[in-house]
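First the structure, in the form of structure tokens, and then the observations on it.
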Amino acid sequence: MQLEMTLIDTAKAAPLAVEIDTMVIAGWAGRDAAAMEHHIRELEALGVKRPTATPTFYRVATNRLTTSAQIECSGPHSSGEAETLIVAQQDRLYVGLGSDHTDRHVETFGVAVSKQICDKPIAETLWPLDEVADHWDQLILRSWLTTAEGRVLYQEGTVGSLLSPQDLIARYTDGGTLPNGTAMMGGTMPAIGGVRAGQRFDCALIDPVLSREIKLAYDILELPIAG
């Protein structure tokens, strides 16, 4: 799958054609055992079984990646998760922002299937990973959920609570390098107030050292379930 992205480094912005042939979602990727246990328990409360291993790497079809401002989901039970996105392209690693949008009803009986059912929105902007590697743990993820009651802060924290890209790549490849054409979402943090659905999901990856951010926003169109 080819995506037209924008590469922004400290010197300039330039178009970058990205070819993705492998999409991986790193689940249960917390570095902090207590925070990860919190996330596991909030999903257990929804009926999701506890993982047998952490992290777990889920494969998802590349055509689920989208830069559209709207996705369509069956029924009212899906929700987003702000995650870093690591992209290997032309022997270089880039970092971006994505949402592991997941059907929470399907997740109760099949986590891998729930990952596959929903589109995975990603921002069109990428940064060179080597520009943020020395201050990776200071990067901030935030997300906001819009429901009938309004817009609220949904997730917030530094990526230092999650396994680093280098650690995830080493575990996924058994100590190797991420192959060109691979995109990997790097895990998420607990939802403030618990996992729940909404009509719109906004998120941001913030670099406080270089004073820049990547933004992603999309609407969720609920499709009726007949029968």
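Just so we're on the same page: first chain in the structure tokens is A, next is B, and so on; residues restart at 1 for each chain, and ligands are numbered from 1 in the order they show up.
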Hey, could you make a per-residue contact list for range 51-108 of chain A against range 122-134 of chain A with 6 Å as the cut-off, showing the nearest pair of atoms and its distance in Å to one decimal, counting only C-alpha atoms, sorted by chain and number, as a tab-separated table?
```
residue	atom	partner	partner_atom	distance
A:Thr67	CA	A:Ile122	CA	5.4
A:Leu93	CA	A:Leu129	CA	5.6
A:Tyr94	CA	A:Pro128	CA	4.5
A:Val95	CA	A:Trp127	CA	5.2
A:Gly96	CA	A:Leu126	CA	4.6
A:Leu97	CA	A:Ala123	CA	5.5
A:Gly98	CA	A:Ile122	CA	4.1
```
Dump as a tab-separated table (two decimals), in the first residue's frame, selection limited to N, CA, C and O atoms:
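Saved file again.tsv follows:
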```tsv
chain	number	residue	atom	x	y	z
A	67	THR	N	-5.58	7.71	5.84
A	67	THR	CA	-5.38	9.10	6.26
A	67	THR	C	-6.68	9.89	6.12
A	67	THR	O	-6.69	11.11	6.19
A	93	LEU	N	14.37	4.80	9.73
A	93	LEU	CA	13.19	4.72	10.56
A	93	LEU	C	12.59	6.11	10.76
A	93	LEU	O	13.31	7.09	10.98
A	94	TYR	N	11.27	6.15	10.68
A	94	TYR	CA	10.52	7.38	10.89
A	94	TYR	C	9.49	7.16	11.98
A	94	TYR	O	9.05	6.03	12.22
A	95	VAL	N	9.07	8.25	12.63
A	95	VAL	CA	8.03	8.15	13.65
A	95	VAL	C	6.86	9.04	13.27
A	95	VAL	O	7.02	10.16	12.77
A	96	GLY	N	5.67	8.51	13.48
A	96	GLY	CA	4.45	9.24	13.21
A	96	GLY	C	3.43	8.96	14.30
A	96	GLY	O	3.77	8.55	15.41
A	97	LEU	N	2.16	9.15	13.97
A	97	LEU	CA	1.07	9.03	14.93
A	97	LEU	C	-0.08	8.27	14.30
A	97	LEU	O	-0.44	8.51	13.14
A	98	GLY	N	-0.65	7.33	15.03
A	98	GLY	CA	-1.79	6.58	14.54
A	98	GLY	C	-2.77	6.28	15.66
A	98	GLY	O	-2.51	6.54	16.84
```
* **Neighbour list for range 144-158 of chain A as a PyMOL selection string, cut-off 12 Å, only C-alpha atoms, skip fewer than 2 positions in-chain** => chain A and resi 30-32+35+39+76+79-84+99+135-142+160-164+187-208+215-220
* **Residues flagged strand (DSSP E or B) by DSSP in range 102-223 of chain A, as an MDAnalysis selection string** => chainID A and resid 102:103 120:122 125:128 140:147 150:158 162 182:185 200:207 212:223
* Pull the helix (DSSP H, G or I) assignments for range 157-212 of chain A out of DSSP run on the backbone, and list those residues as JSON, numbers by chain. => {"A": [159, 160, 161, 165, 166, 167, 168, 169, 170, 171, 172, 173]}
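The interatomic distance for the pair CA of Leu85 in chain A and CA of Arg41 in chain A works out to 24.6 Å.
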* Asked: Counting only C-alpha atoms, what is within 12 Å of Ile225 in chain A, bar same-chain residues fewer than 3 positions away, as JSON, numbers by chain?
  -> {"A": [73, 74, 75, 76, 77, 222]}
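Interatomic distance, CA of Gly27 in chain A to CA of Val113 in chain A: 13.3 Å.
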* One-decimal distance in Å that lies between CA of Gln2 in chain A and CA of Asp119 in chain A -> 15.6 Å
* Using only C-alpha atoms, which residue out of A:Ala26, A:Leu3, A:Ala17, A:Val106 lies closest to Thr66 in chain A? -> A:Leu3
Skip Met23 in chain A itself and residues of its chain fewer than 2 positions away, then list as a CSV table (one decimal) with N, CA and C atoms, in the first residue's frame all residues within 9 Å of it, counting only C-alpha atoms.
```csv
chain,number,residue,atom,x,y,z
A,20,ILE,N,4.0,0.6,2.2
A,20,ILE,CA,3.8,-0.3,3.3
A,20,ILE,C,3.3,-1.7,2.9
A,21,ASP,N,4.1,-2.7,3.2
A,21,ASP,CA,3.6,-4.1,2.9
A,21,ASP,C,3.4,-5.0,4.1
A,25,ILE,N,0.8,-4.3,14.9
A,25,ILE,CA,0.3,-3.6,16.1
A,25,ILE,C,0.9,-4.2,17.3
A,58,TYR,N,0.4,-8.1,16.7
A,58,TYR,CA,-0.8,-8.5,15.9
A,58,TYR,C,-0.5,-8.0,14.5
A,59,ARG,N,-0.7,-8.8,13.5
A,59,ARG,CA,-0.7,-8.4,12.1
A,59,ARG,C,-2.0,-8.0,11.6
A,60,VAL,N,-2.0,-6.9,10.9
A,60,VAL,CA,-3.2,-6.3,10.3
A,60,VAL,C,-3.0,-6.0,8.8
A,61,ALA,N,-4.0,-6.1,8.0
A,61,ALA,CA,-3.9,-5.9,6.6
A,61,ALA,C,-3.5,-4.4,6.4
A,62,THR,N,-2.6,-4.2,5.4
A,62,THR,CA,-2.2,-2.9,5.2
A,62,THR,C,-3.2,-1.9,4.7
A,64,ARG,N,-6.0,-1.5,5.8
A,64,ARG,CA,-6.7,-0.9,6.9
A,64,ARG,C,-6.1,0.5,7.2
A,65,LEU,N,-4.9,0.8,6.8
A,65,LEU,CA,-4.3,2.1,7.1
A,65,LEU,C,-5.0,3.2,6.3
A,181,GLY,N,9.4,-1.2,4.5
A,181,GLY,CA,8.0,-1.5,4.2
A,181,GLY,C,7.2,-1.9,5.4
A,182,THR,N,7.7,-1.9,6.6
A,182,THR,CA,7.0,-2.3,7.8
A,182,THR,C,6.6,-1.1,8.5
A,183,ALA,N,5.3,-1.1,9.0
A,183,ALA,CA,4.8,0.0,9.9
A,183,ALA,C,4.4,-0.7,11.2
A,184,MET,N,4.7,-0.1,12.3
A,184,MET,CA,4.4,-0.7,13.6
A,184,MET,C,3.8,0.3,14.6
A,185,MET,N,2.7,0.1,15.1
A,185,MET,CA,2.1,0.9,16.2
A,185,MET,C,2.7,0.4,17.5
```
* To do: For Asp167 in chain A, work out the shell of residues within 12 Å, counting only C-alpha atoms and skipping chain neighbours fewer than 6 positions away, then give it as a ChimeraX atom specification.
  => /A:26,29-31,55,173-178,186
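Between Arg104 in chain A and the residues A:Val159, A:Val87, A:Glu42, A:Pro121, the shortest atom-to-atom distance, using only C-alpha atoms, involves A:Glu42.
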